[in-house]
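Structure file input.txt with compact mmCIF, C-alpha atoms:
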# COMPACT_ATOMS: atom_id res chain seq x y z
CA MET A 1 -51.77 24.94 2.43
CA ASN A 2 -52.82 25.71 -1.18
CA ASN A 3 -49.19 25.51 -2.29
CA PHE A 4 -48.77 22.15 -0.47
CA VAL A 5 -51.90 20.68 -2.15
CA LEU A 6 -50.58 21.91 -5.50
CA PHE A 7 -47.26 20.14 -4.78
CA LEU A 8 -49.06 16.82 -4.03
CA LYS A 9 -51.10 17.07 -7.24
CA ARG A 10 -47.92 17.59 -9.27
CA LEU A 11 -46.29 14.59 -7.52
CA LEU A 12 -49.30 12.32 -8.35
CA ARG A 13 -49.25 13.47 -11.97
CA PHE A 14 -45.54 12.66 -12.08
CA PHE A 15 -46.03 9.03 -10.84
CA ASP A 16 -49.03 8.59 -13.15
CA LYS A 17 -47.08 9.76 -16.17
CA LYS A 18 -43.72 8.11 -15.40
CA ILE A 19 -44.76 4.79 -13.71
CA ILE A 20 -48.45 3.78 -13.80
CA THR A 21 -49.19 4.64 -17.44
CA PRO A 22 -45.98 2.99 -18.82
CA LEU A 23 -46.62 -0.19 -16.74
CA THR A 24 -50.21 -0.38 -17.98
CA LYS A 25 -49.10 -0.05 -21.59
CA PHE A 26 -46.43 -2.70 -21.03
CA PHE A 27 -48.86 -5.28 -19.64
CA VAL A 28 -51.38 -4.55 -22.44
CA TRP A 29 -48.59 -5.19 -24.93
CA ILE A 30 -47.66 -8.43 -23.16
CA THR A 31 -51.30 -9.51 -23.22
CA GLU A 32 -51.57 -8.84 -26.94
CA LYS A 33 -48.42 -10.81 -27.61
CA VAL A 34 -49.61 -13.70 -25.46
CA ASN A 35 -52.97 -13.87 -27.23
CA GLY A 36 -51.40 -13.95 -30.69
CA SER A 37 -48.31 -16.06 -29.99
CA SER A 38 -47.67 -19.76 -29.98
CA LYS A 39 -48.71 -22.12 -27.23
CA THR A 40 -45.11 -22.24 -26.03
CA PHE A 41 -45.09 -18.52 -25.28
CA GLU A 42 -48.50 -18.87 -23.59
CA LYS A 43 -47.28 -21.74 -21.43
CA MET A 44 -44.13 -19.83 -20.45
CA PHE A 45 -46.04 -16.80 -19.16
CA SER A 46 -48.71 -19.00 -17.62
CA LYS A 47 -46.16 -20.48 -15.26
CA LYS A 48 -45.94 -19.00 -11.79
CA SER A 49 -42.13 -18.91 -11.86
CA SER A 50 -42.11 -16.82 -15.07
CA LEU A 51 -44.45 -14.21 -13.58
CA VAL A 52 -42.31 -14.03 -10.42
CA ILE A 53 -39.17 -13.39 -12.48
CA VAL A 54 -40.86 -10.67 -14.55
CA SER A 55 -42.29 -9.01 -11.41
CA LEU A 56 -38.87 -9.16 -9.76
CA ILE A 57 -37.19 -7.45 -12.74
CA LEU A 58 -39.85 -4.73 -12.82
CA SER A 59 -39.66 -4.19 -9.07
CA ILE A 60 -35.87 -3.79 -9.18
CA GLY A 61 -36.18 -1.25 -12.02
CA ILE A 62 -38.87 0.72 -10.19
CA PHE A 63 -36.79 0.66 -6.99
CA PHE A 64 -33.71 2.14 -8.66
CA TYR A 65 -35.80 4.77 -10.45
CA VAL A 66 -37.66 5.89 -7.28
CA ASP A 67 -34.43 5.79 -5.26
CA THR A 68 -32.71 8.09 -7.75
CA LYS A 69 -35.60 10.56 -7.67
CA SER A 70 -35.87 10.53 -3.88
CA THR A 71 -32.12 11.16 -3.54
CA THR A 72 -32.40 14.15 -5.87
CA ILE A 73 -35.32 15.54 -3.89
CA SER A 74 -33.72 14.98 -0.48
CA GLU A 75 -30.20 16.30 -1.20
CA THR A 76 -29.21 19.70 0.23
CA SER A 77 -29.11 22.75 -2.07
CA ALA A 78 -29.16 26.57 -1.87
CA GLU A 79 -31.20 29.40 -3.41
CA VAL A 80 -30.57 33.16 -3.20
CA LEU A 81 -33.34 35.75 -3.01
CA TYR A 82 -31.89 39.05 -4.23
CA ASN A 83 -32.85 42.63 -3.31
CA GLN A 84 -35.36 41.90 -0.54
CA LYS A 85 -36.77 45.09 1.04
CA VAL A 86 -35.77 46.07 4.56
CA ASN A 87 -38.47 47.26 6.94
CA ALA A 88 -37.12 49.68 9.55
CA ILE A 89 -39.12 49.94 12.77
CA TYR A 90 -38.67 53.26 14.63
CA ASN A 91 -40.40 56.51 15.61
CA GLU A 92 -40.33 58.47 12.35
CA GLU A 93 -41.77 61.60 13.98
CA ALA A 94 -38.98 61.91 16.54
CA TYR A 95 -35.89 60.55 14.79
CA VAL A 96 -34.01 60.46 11.50
CA ILE A 97 -31.87 57.38 10.89
CA GLU A 98 -29.06 57.04 8.36
CA GLY A 99 -27.28 53.87 7.30
CA ILE A 100 -30.30 51.56 6.93
CA PRO A 101 -29.75 49.26 3.92
CA GLU A 102 -32.60 49.52 1.43
CA THR A 103 -32.36 45.85 0.37
CA VAL A 104 -30.54 42.64 1.39
CA ASP A 105 -29.89 39.24 -0.18
CA ILE A 106 -31.27 36.12 1.54
CA THR A 107 -29.57 32.74 1.04
CA MET A 108 -31.84 29.71 1.69
CA ILE A 109 -30.13 26.35 2.41
CA GLY A 110 -32.10 23.07 2.63
CA ARG A 111 -33.62 20.17 0.71
CA LYS A 112 -34.76 20.88 -2.83
CA SER A 113 -38.33 19.97 -2.00
CA ASP A 114 -38.36 22.44 0.90
CA LEU A 115 -36.70 25.13 -1.23
CA TYR A 116 -39.36 24.65 -3.87
CA LEU A 117 -42.11 25.19 -1.29
CA ALA A 118 -40.29 28.19 0.22
CA LYS A 119 -40.11 29.92 -3.15
CA GLN A 120 -43.86 29.46 -3.67
CA LEU A 121 -44.74 31.12 -0.37
CA PRO A 122 -44.80 34.93 -0.03
CA ILE A 123 -41.58 36.49 1.27
CA ASP A 124 -41.87 38.50 4.47
CA ALA A 125 -39.91 41.74 4.81
CA VAL A 126 -36.55 41.76 6.57
CA ASP A 127 -36.99 43.69 9.81
CA ILE A 128 -34.52 45.97 11.54
CA ASP A 129 -35.78 46.99 14.98
CA LEU A 130 -34.60 50.51 15.94
CA LYS A 131 -37.45 51.68 18.16
CA ASP A 132 -35.44 51.52 21.44
CA LEU A 133 -32.36 53.34 20.10
CA LYS A 134 -31.32 56.81 21.26
CA PRO A 135 -29.36 59.41 19.24
CA GLY A 136 -25.90 58.11 18.37
CA THR A 137 -24.17 55.39 16.34
CA HIS A 138 -25.33 51.78 16.75
CA LYS A 139 -24.73 48.34 15.23
CA VAL A 140 -28.01 46.50 14.68
CA THR A 141 -28.75 42.93 13.55
CA LEU A 142 -31.25 42.39 10.73
CA LYS A 143 -33.83 39.69 11.34
CA TYR A 144 -35.85 37.46 9.02
CA SER A 145 -38.42 34.83 10.00
CA GLY A 146 -38.51 32.20 7.28
CA SER A 147 -41.73 30.47 6.29
CA ILE A 148 -40.31 26.93 6.54
CA ASP A 149 -38.46 25.73 9.67
CA THR A 150 -36.37 23.07 7.87
CA ILE A 151 -34.58 25.73 5.82
CA SER A 152 -31.59 27.75 7.05
CA TYR A 153 -31.78 31.46 6.15
CA LYS A 154 -28.71 33.72 5.94
CA ILE A 155 -28.93 37.51 5.38
CA ASP A 156 -26.30 39.60 3.59
CA PRO A 157 -25.59 42.06 5.12
CA SER A 158 -26.71 40.71 8.48
CA VAL A 159 -25.53 43.70 10.53
CA ALA A 160 -26.03 47.43 9.79
CA THR A 161 -24.26 50.43 11.35
CA VAL A 162 -26.85 53.17 11.75
CA VAL A 163 -26.72 56.74 13.02
CA VAL A 164 -29.75 58.05 14.93
CA TYR A 165 -30.46 61.81 14.90
CA SER A 166 -33.17 63.78 16.65
CA LYS A 167 -35.53 65.16 14.02
CA MET A 168 -35.50 68.98 13.99
CA SER A 169 -37.76 71.37 12.07
CA GLU A 170 -37.51 74.90 10.66
CA VAL A 171 -39.73 77.25 8.65
CA ARG A 172 -38.33 78.34 5.29
CA THR A 173 -39.54 80.73 2.58
CA LEU A 174 -40.66 78.99 -0.60
CA SER A 175 -39.58 80.15 -4.09
CA TYR A 176 -39.89 78.52 -7.51
CA ASP A 177 -37.97 77.48 -10.62
CA ILE A 178 -39.49 76.97 -14.07
CA ILE A 179 -38.08 73.86 -15.76
CA ASN A 180 -38.40 72.65 -19.36
CA GLN A 181 -39.27 76.20 -20.40
CA ASP A 182 -37.75 75.52 -23.83
CA LYS A 183 -40.70 73.15 -24.45
CA LEU A 184 -43.06 76.15 -24.33
CA ASP A 185 -44.20 77.67 -27.63
CA SER A 186 -41.54 80.26 -28.48
CA ARG A 187 -44.21 82.96 -28.82
CA LEU A 188 -45.43 82.36 -25.27
CA SER A 189 -43.85 83.52 -22.03
CA ILE A 190 -44.37 82.82 -18.32
CA SER A 191 -45.09 86.27 -16.92
CA SER A 192 -45.78 85.22 -13.32
CA VAL A 193 -46.08 82.22 -11.00
CA GLU A 194 -48.13 82.42 -7.80
CA LEU A 195 -47.78 79.59 -5.25
CA ASP A 196 -50.63 78.75 -2.87
CA ARG A 197 -48.32 79.10 0.13
CA GLN A 198 -45.23 81.20 0.88
CA GLU A 199 -43.59 79.08 3.59
CA VAL A 200 -42.92 75.40 4.26
CA ILE A 201 -41.50 73.35 7.14
CA ILE A 202 -38.31 71.38 6.61
CA LYS A 203 -37.51 68.43 8.91
CA GLY A 204 -34.38 66.39 9.42
CA PRO A 205 -31.12 66.25 11.36
CA GLN A 206 -29.79 69.69 12.29
CA TYR A 207 -26.62 69.33 10.21
CA LYS A 208 -28.75 68.89 7.07
CA LEU A 209 -31.09 71.77 7.88
CA ASP A 210 -28.04 74.04 8.25
CA LYS A 211 -27.05 73.23 4.64
CA VAL A 212 -30.40 74.22 3.10
CA ALA A 213 -29.96 77.46 1.15
CA ASN A 214 -33.43 77.52 -0.42
CA VAL A 215 -36.54 75.45 -1.00
CA LYS A 216 -38.07 75.65 -4.46
CA ALA A 217 -41.21 74.51 -6.21
CA LEU A 218 -40.28 72.97 -9.57
CA VAL A 219 -42.87 74.27 -12.04
CA ASP A 220 -42.55 71.84 -14.96
CA ILE A 221 -43.85 73.09 -18.31
CA ASN A 222 -44.21 69.43 -19.41
CA ASN A 223 -47.02 69.05 -16.86
CA ILE A 224 -49.17 71.68 -18.61
CA ALA A 225 -51.39 69.79 -21.04
CA LYS A 226 -52.04 72.67 -23.44
CA PRO A 227 -50.10 75.89 -22.73
CA GLU A 228 -51.92 78.97 -24.01
CA VAL A 229 -52.37 82.63 -23.09
CA GLY A 230 -54.20 82.97 -19.78
CA GLU A 231 -54.05 81.58 -16.24
CA ILE A 232 -53.42 77.89 -15.56
CA THR A 233 -53.44 76.14 -12.16
CA LEU A 234 -50.83 73.40 -11.86
CA GLU A 235 -51.48 70.99 -8.98
CA ASN A 236 -49.06 68.84 -6.98
CA VAL A 237 -45.94 70.80 -7.84
CA LYS A 238 -42.89 69.02 -6.41
CA LEU A 239 -40.75 70.77 -3.75
CA VAL A 240 -36.97 70.35 -3.54
CA ALA A 241 -34.37 71.65 -1.05
CA TYR A 242 -30.98 72.87 -2.35
CA ASP A 243 -27.68 73.81 -0.76
CA GLU A 244 -25.73 76.92 -1.80
CA MET A 245 -24.01 74.96 -4.61
CA GLY A 246 -27.33 73.84 -6.12
CA ASN A 247 -27.09 70.25 -4.87
CA ILE A 248 -30.31 68.53 -3.73
CA ILE A 249 -30.54 67.85 0.02
CA ASP A 250 -32.51 64.79 1.13
CA ILE A 251 -34.80 66.13 3.86
CA GLU A 252 -38.50 66.02 4.66
CA ILE A 253 -40.58 68.99 3.41
CA VAL A 254 -44.06 69.64 4.81
CA PRO A 255 -46.12 69.84 2.71
CA ASN A 256 -44.12 68.09 0.00
CA LYS A 257 -46.25 69.52 -2.83
CA VAL A 258 -48.06 72.80 -3.58
CA ASN A 259 -50.34 74.27 -6.24
CA ALA A 260 -49.15 77.01 -8.61
CA LYS A 261 -51.17 79.56 -10.60
CA ILE A 262 -49.25 80.29 -13.80
CA THR A 263 -49.93 83.32 -15.98
CA ILE A 264 -48.95 82.81 -19.63
CA THR A 265 -48.64 85.83 -21.91
CA SER A 266 -47.37 86.52 -25.40
CA PRO A 267 -45.42 89.82 -25.25
CA SER A 268 -44.32 91.09 -28.65
CA LYS A 269 -42.81 94.18 -30.22
CA VAL A 270 -42.30 95.46 -33.77
CA VAL A 271 -38.77 96.79 -34.35
CA PRO A 272 -37.04 98.09 -37.49
CA VAL A 273 -34.31 96.19 -39.31
CA ASN A 274 -31.17 98.36 -39.69
CA VAL A 275 -28.70 97.44 -42.42
CA ILE A 276 -25.09 98.16 -41.37
CA PRO A 277 -22.48 98.25 -44.20
CA VAL A 278 -19.08 96.95 -43.07
CA GLY A 279 -15.84 97.76 -44.94
CA ASN A 280 -14.66 100.39 -47.44
CA LEU A 281 -16.13 100.75 -50.91
CA ALA A 282 -13.93 101.02 -53.99
CA PHE A 283 -12.07 104.35 -54.31
CA GLY A 284 -14.36 107.18 -55.38
CA LYS A 285 -17.55 105.21 -54.68
CA ALA A 286 -20.30 105.70 -52.10
CA ILE A 287 -23.65 104.11 -51.30
CA SER A 288 -26.56 105.90 -52.89
CA ASN A 289 -29.33 103.65 -51.58
CA ILE A 290 -29.93 100.58 -49.39
CA SER A 291 -33.18 98.61 -49.63
CA SER A 292 -34.31 95.50 -47.75
CA SER A 293 -37.17 93.11 -48.49
CA VAL A 294 -37.87 93.11 -44.74
CA ASN A 295 -37.92 96.51 -43.05
CA SER A 296 -39.30 95.46 -39.65
CA VAL A 297 -39.90 92.28 -37.67
CA THR A 298 -42.06 91.20 -34.73
CA ILE A 299 -40.08 89.80 -31.83
CA TYR A 300 -41.39 87.76 -28.86
CA GLY A 301 -39.90 87.41 -25.38
CA ASP A 302 -40.31 88.63 -21.82
CA GLU A 303 -41.21 92.30 -21.42
CA ALA A 304 -37.92 93.25 -19.76
CA THR A 305 -35.94 91.93 -22.73
CA LEU A 306 -38.18 93.54 -25.34
CA SER A 307 -37.99 96.96 -23.67
CA ASN A 308 -34.22 97.08 -24.24
CA ILE A 309 -34.37 96.26 -27.96
CA LYS A 310 -34.87 99.27 -30.25
CA SER A 311 -33.87 97.68 -33.56
CA ILE A 312 -32.19 94.65 -35.10
CA ASP A 313 -28.93 95.25 -36.95
CA VAL A 314 -27.98 93.23 -40.03
CA GLU A 315 -24.40 93.57 -41.24
CA ILE A 316 -23.32 93.26 -44.89
CA ASP A 317 -19.78 93.27 -46.30
CA VAL A 318 -19.30 96.12 -48.80
CA ASP A 319 -15.50 96.07 -48.84
CA GLY A 320 -14.30 96.91 -52.39
CA LEU A 321 -17.85 97.28 -53.71
CA ASP A 322 -18.04 99.39 -56.93
CA SER A 323 -21.48 98.55 -58.35
CA THR A 324 -24.99 97.50 -57.36
CA LYS A 325 -25.13 94.20 -55.45
CA LYS A 326 -27.78 92.02 -53.80
CA TYR A 327 -27.18 90.33 -50.43
CA PRO A 328 -29.32 87.37 -49.27
CA THR A 329 -28.95 87.73 -45.48
CA THR A 330 -30.06 85.98 -42.28
CA ILE A 331 -31.77 88.03 -39.56
CA LYS A 332 -30.44 86.79 -36.23
CA LYS A 333 -32.45 86.77 -33.01
CA PRO A 334 -31.06 89.07 -30.30
CA ASN A 335 -30.21 87.50 -26.95
CA GLY A 336 -33.32 86.84 -24.87
CA VAL A 337 -35.71 86.90 -27.86
CA ARG A 338 -37.68 83.64 -28.07
CA TYR A 339 -39.22 84.06 -31.51
CA ILE A 340 -38.77 86.37 -34.50
CA SER A 341 -41.33 86.73 -37.28
CA GLU A 342 -38.76 86.89 -40.13
CA THR A 343 -35.36 85.23 -40.31
CA TYR A 344 -34.33 86.08 -43.89
CA THR A 345 -34.12 89.21 -46.05
CA ASN A 346 -32.80 90.29 -49.44
CA ILE A 347 -30.76 93.50 -49.29
CA THR A 348 -29.88 95.58 -52.38
CA VAL A 349 -27.05 98.13 -52.28
CA ASP A 350 -26.83 100.79 -55.02
CA VAL A 351 -23.49 102.58 -55.60
CA GLY A 352 -22.73 106.09 -57.00
CA THR A 353 -19.88 108.59 -57.25
CA GLU A 354 -18.53 109.86 -53.95
CA THR A 355 -18.56 113.61 -53.16
CA VAL A 356 -17.39 115.57 -50.11
CA LYS A 357 -19.23 118.10 -47.96
CA GLU A 358 -18.12 120.08 -44.90
CA ILE A 359 -20.31 121.35 -42.07
CA GLU A 360 -18.55 123.96 -39.93
CA ASN A 361 -18.89 125.14 -36.31
CA VAL A 362 -20.68 122.13 -34.93
CA GLN A 363 -20.99 122.46 -31.14
CA LEU A 364 -18.97 119.93 -29.11
CA VAL A 365 -20.84 117.77 -26.60
CA TYR A 366 -19.10 116.60 -23.40
CA GLU A 367 -19.97 113.05 -22.33
CA ASN A 368 -19.20 111.01 -19.21
CA LEU A 369 -17.79 113.93 -17.21
CA SER A 370 -17.82 113.27 -13.46
CA ASP A 371 -20.25 115.38 -11.43
CA ASN A 372 -17.29 116.48 -9.29
CA TYR A 373 -15.63 118.28 -12.19
CA SER A 374 -16.23 121.28 -14.47
CA ILE A 375 -14.78 121.74 -17.97
CA ASN A 376 -13.65 124.60 -20.21
CA ALA A 377 -12.19 124.75 -23.71
CA ALA A 378 -8.60 126.02 -23.95
CA SER A 379 -9.66 128.30 -26.85
CA ASN A 380 -12.74 129.24 -28.80
CA GLU A 381 -11.66 126.89 -31.60
CA ASP A 382 -11.74 124.01 -29.12
CA LYS A 383 -15.46 124.52 -28.54
CA TYR A 384 -16.46 123.65 -32.10
CA ALA A 385 -15.53 121.22 -34.86
CA THR A 386 -15.76 121.02 -38.62
CA VAL A 387 -17.22 117.74 -39.91
CA ILE A 388 -16.27 116.19 -43.27
CA LEU A 389 -19.03 114.10 -44.88
CA ARG A 390 -18.46 111.66 -47.74
CA GLY A 391 -21.24 110.16 -49.83
CA VAL A 392 -23.20 110.60 -53.03
CA GLU A 393 -24.35 114.18 -53.64
CA SER A 394 -28.08 113.49 -53.37
CA VAL A 395 -27.64 111.99 -49.89
CA LEU A 396 -25.28 114.71 -48.61
CA ASP A 397 -27.69 117.45 -49.67
CA GLU A 398 -30.24 116.15 -47.15
CA ILE A 399 -27.90 116.14 -44.15
CA THR A 400 -27.84 119.13 -41.80
CA GLU A 401 -26.05 119.97 -38.57
CA ASP A 402 -28.97 118.50 -36.61
CA ASP A 403 -28.25 115.08 -38.12
CA ILE A 404 -24.69 115.04 -36.73
CA LYS A 405 -23.35 114.48 -33.23
CA VAL A 406 -19.82 115.69 -32.39
CA TYR A 407 -18.61 114.79 -28.89
CA VAL A 408 -15.66 113.97 -26.64
CA ASP A 409 -15.67 111.04 -24.17
CA LEU A 410 -14.34 112.27 -20.79
CA LYS A 411 -14.60 108.96 -18.94
CA GLY A 412 -11.51 108.45 -16.79
CA TYR A 413 -10.20 112.00 -17.14
CA GLY A 414 -9.32 114.00 -14.00
CA PRO A 415 -8.33 117.64 -13.27
CA GLY A 416 -5.81 119.15 -15.70
CA THR A 417 -5.37 120.12 -19.33
CA HIS A 418 -5.97 117.29 -21.81
CA ASP A 419 -5.89 116.77 -25.60
CA ILE A 420 -8.94 114.61 -26.25
CA ASP A 421 -10.12 112.82 -29.42
CA VAL A 422 -13.10 114.25 -31.29
CA ILE A 423 -15.76 111.67 -32.18
CA VAL A 424 -18.38 112.16 -34.92
CA SER A 425 -21.47 110.01 -35.48
CA GLY A 426 -24.60 110.15 -37.62
CA ASP A 427 -27.66 108.03 -38.31
CA ASP A 428 -27.29 107.63 -42.09
CA VAL A 429 -25.22 104.52 -42.84
CA ARG A 430 -24.72 105.66 -46.43
CA VAL A 431 -22.45 108.48 -45.24
CA SER A 432 -19.01 108.43 -43.63
CA TYR A 433 -18.36 111.04 -40.90
CA GLU A 434 -14.98 112.50 -39.95
CA ALA A 435 -13.79 115.43 -37.81
CA LYS A 436 -11.48 117.82 -39.64
CA VAL A 437 -9.56 118.49 -36.42
CA LYS A 438 -8.86 115.19 -34.64
CA LYS A 439 -8.27 116.55 -31.12
CA VAL A 440 -9.33 119.47 -28.94
CA THR A 441 -7.69 120.87 -25.80
CA LEU A 442 -9.91 120.92 -22.72
CA ILE A 443 -9.29 122.02 -19.12
CA ILE A 444 -10.93 119.95 -16.36
CA SER A 445 -11.23 121.50 -12.89
CA GLN A 446 -12.41 120.30 -9.49
CA LYS A 447 -15.73 121.85 -8.44
CA ARG A 448 -15.72 123.93 -5.27

Turn this file's structure into structure tokens for me.
Amino acid sequence: MNNFVLFLKRLLRFFDKKIITPLTKFFVWITEKVNGSSKTFEKMFSKKSSLVIVSLILSIGIFFYVDTKSTTISETSAEVLYNQKVNAIYNEEAYVIEGIPETVDITMIGRKSDLYLAKQLPIDAVDIDLKDLKPGTHKVTLKYSGSIDTISYKIDPSVATVVVYSKMSEVRTLSYDIINQDKLDSRLSISSVELDRQEVIIKGPQYKLDKVANVKALVDINNIAKPEVGEITLENVKLVAYDEMGNIIDIEIVPNKVNAKITITSPSKVVPVNVIPVGNLAFGKAISNISSSVNSVTIYGDEATLSNIKSIDVEIDVDGLDSTKKYPTTIKKPNGVRYISETYTNITVDVGTETVKEIENVQLVYENLSDNYSINAASNEDKYATVILRGVESVLDEITEDDIKVYVDLKGYGPGTHDIDVIVSGDDVRVSYEAKVKKVTLIISQKR
């Protein structure tokens, strides 16, 4: 009714502006001209016949104008209402229905005046009545009750093919995923997440429930206002069901949200920086000293990652080096480390004259021998090795047999007599290590 009254007010304003006001101005103008004109003009408009002619001309003009407007208002036209919501009527506790269109388009056909009123009135939802349907596939007509009877309403689509399933339910164990973890301060780490419930109920058609591999709470770091060390409770954490390929499955989860208690820590560890020379120095030269502006760094990450890191190696190229040289070098983060206290160091390598030293009768160590086998040396000489050391004299003087490891790798060897490579290693990167005898003969036997 309010919209109809508004329409009438607009129509009155239209006639006032387009007809009454112009006519009033015209007659005022005529009156002014009559008062100031000659007696002839006054006599002409004083005659009854003259007024009749003028009135007739004005009436004809007004008739044609009103007739044009009324034709425009009364002619048939069409308007389309796009993306109108569909209201499905059914028992949501007992059934799951697929194939219901989310929106439809409504075409309204009628007079322009009626279409104008229809657009001003609120649009009712398009209903699809499914409450009497049983499990199976059905074709259902969508219905819409228009607000104005003189308008024809057409729905697109007007018919929907729907599939009705009985709603089933199952209990599933709830786990969690942490998302947007890269937004967390690199010195912080999520050490644990505790959800306020361990199980949830999933509901839907049986074929969808069979696809659910896991249900996870998505703990979003972006939802933590100010992450810092300590415990934080995150409310209304969203739950999502996934299949075995990681695709989201559209099912009902009860409850659909949980609370999570998040423990934030800042595990760190101080590890040494080891400089590793790569390449061969110039002939007759050896490294006398290696110094670094950074000897240790503090690394941050989860505790499992930090426990496996003993040091951080930094490689420098010394190939052909014959004198002291400085190396500006980047310290790279190991895999799994979130933050490192230093990322740059200056390394200085001093070079001296190479000398040679031999250490005899170093005991061989047997590595990676299967527990099913025993081993013996073919001769007494095969039990020991002589190690050749190369470096500057001052460095070699400090190295003893305890600083050297001489071993053979028996991985993959079975019973029999084998000639196996001798491997020598040491902790001092300024020294090169080499076995004087490259191979030893060993006899591997099956244990009884």

Practice item. Kindly indicate which residue among A:Leu410, A:Val271, A:Val193, A:Val429 lies nearest to A:Thr441, using all atoms listed in the file for the distances. Key: A:Leu410

Practice item. Kindly give the distance, in Å, that separates atom CA of A:Lys112 and atom CA of A:Ser152, rounded to a single decimal. Key: 12.4 Å

Practice item. Fewer than 4 positions away in the same chain doesn't count, so skip those; otherwise give me all residues within 12 Å of stretch 288-291 of chain A, counting all atoms listed in the file, as an MDAnalysis selection string. Key: chainID A and resid 273:277 281 295 316 318 322:328 345:355 390:396 428:431

Point to revise | Coordinates-based distance that separates atom CA of A:Ser266 from atom CA of A:Leu306 (Å, one decimal) | key: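 Going from atom CA of A:Leu306 over to atom CA of A:Ser266 covers 11.6 Å.
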
Practice item. Rounded to one decimal place, report the atom CA of A:Ile128-atom CA of A:Leu142 distance in Å. Key: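 Taking atom CA of A:Ile128 as the start and atom CA of A:Leu142 as the end point, the length is 4.9 Å.
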
Practice item. List the neighbours of stretch 87-89 of chain A out to 10 Å using all atoms listed in the file; skip same-chain residues closer than 3 positions along the sequence, and give me the result as a PyMOL selection string. Key: chain A and resi 84+92+97+100-103+124-132+142-143

Kindly assemble as CSV a list of the stretch 162-236 of chain A residues that lie within 9 Å of stretch 135-138 of chain A, each paired with its nearest atom pair and their distance in Å to one decimal, using all atoms listed in the file, sorted first by chain and then by ascending residue number.
residue,atom,partner,partner_atom,distance
A:Val162,CA,A:His138,CA,5.4
A:Val163,CA,A:Thr137,CA,4.4
A:Val164,CA,A:Pro135,CA,4.5
A:Tyr165,CA,A:Pro135,CA,5.1
A:Ser166,CA,A:Pro135,CA,6.3

Export C-alpha atoms of the chosen residues as a tab-separated table (two decimals), keeping the file's coordinate frame?
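What landed in result_26.tsv:
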chain	number	residue	atom	x	y	z
A	162	VAL	CA	-26.85	53.17	11.75
A	163	VAL	CA	-26.72	56.74	13.02
A	164	VAL	CA	-29.75	58.05	14.93
A	165	TYR	CA	-30.46	61.81	14.90
A	166	SER	CA	-33.17	63.78	16.65

**Study point:** Residue nearest A:Leu364 - candidates A:Asn236, A:Asn376, A:Thr263, A:Gln120, atoms counted: all atoms listed in the file
**Key:** A:Asn376

Review point. Which of these, A:Ile299, A:Ile399, A:Leu188, A:Leu174, has the shortest distance to A:Ile264 once you count only C-alpha atoms?
Key: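 Among A:Ile299, A:Ile399, A:Leu188, A:Leu174, it is A:Leu188 that comes nearest to A:Ile264.
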
Review point. Which neighbours of A:Lys203 fall inside 8 Å, counting only C-alpha atoms, when residues of the same chain fewer than 5 positions from it are skipped, and could you give them as a list in words?
Key: Lys167, Met168, Ser169, Glu170, Leu209, Ile251, Glu252, Ile253 and Val254 of chain A

Resulting file, chosen residues, C-alpha atoms, as a compact mmCIF listing (two decimals), keeping the file's coordinate frame:
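Written output follows (again-v8.txt):
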# COMPACT_ATOMS: atom_id res chain seq x y z
CA LYS A 167 -35.53 65.16 14.02
CA MET A 168 -35.50 68.98 13.99
CA SER A 169 -37.76 71.37 12.07
CA GLU A 170 -37.51 74.90 10.66
CA LEU A 209 -31.09 71.77 7.88
CA ILE A 251 -34.80 66.13 3.86
CA GLU A 252 -38.50 66.02 4.66
CA ILE A 253 -40.58 68.99 3.41
CA VAL A 254 -44.06 69.64 4.81

Exercise for review: Go through A:Ala217, A:Ala286, A:Val337, A:Ala260 one by one, measure the shortest atom-to-atom distance of each to A:Ser307 using only C-alpha atoms, and give the residue with the smallest value.
Suggested key: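 Of all the options, A:Val337 lies closest to A:Ser307.
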
Review point. Which of these residues is nearest to A:Asp243, using all atoms listed in the file: A:Asp177, A:Glu303, A:Asp210, A:Glu231?
Key: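 The answer is A:Asp210, which sits nearest to A:Asp243.
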
Practice item. Point out the residue among A:Leu133, A:Thr265, A:Thr329, A:Gly416 with the least atom-to-atom distance to A:Ser292, counting all atoms listed in the file. Key: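 Residue with the minimum atom-to-atom distance to A:Ser292: A:Thr329.
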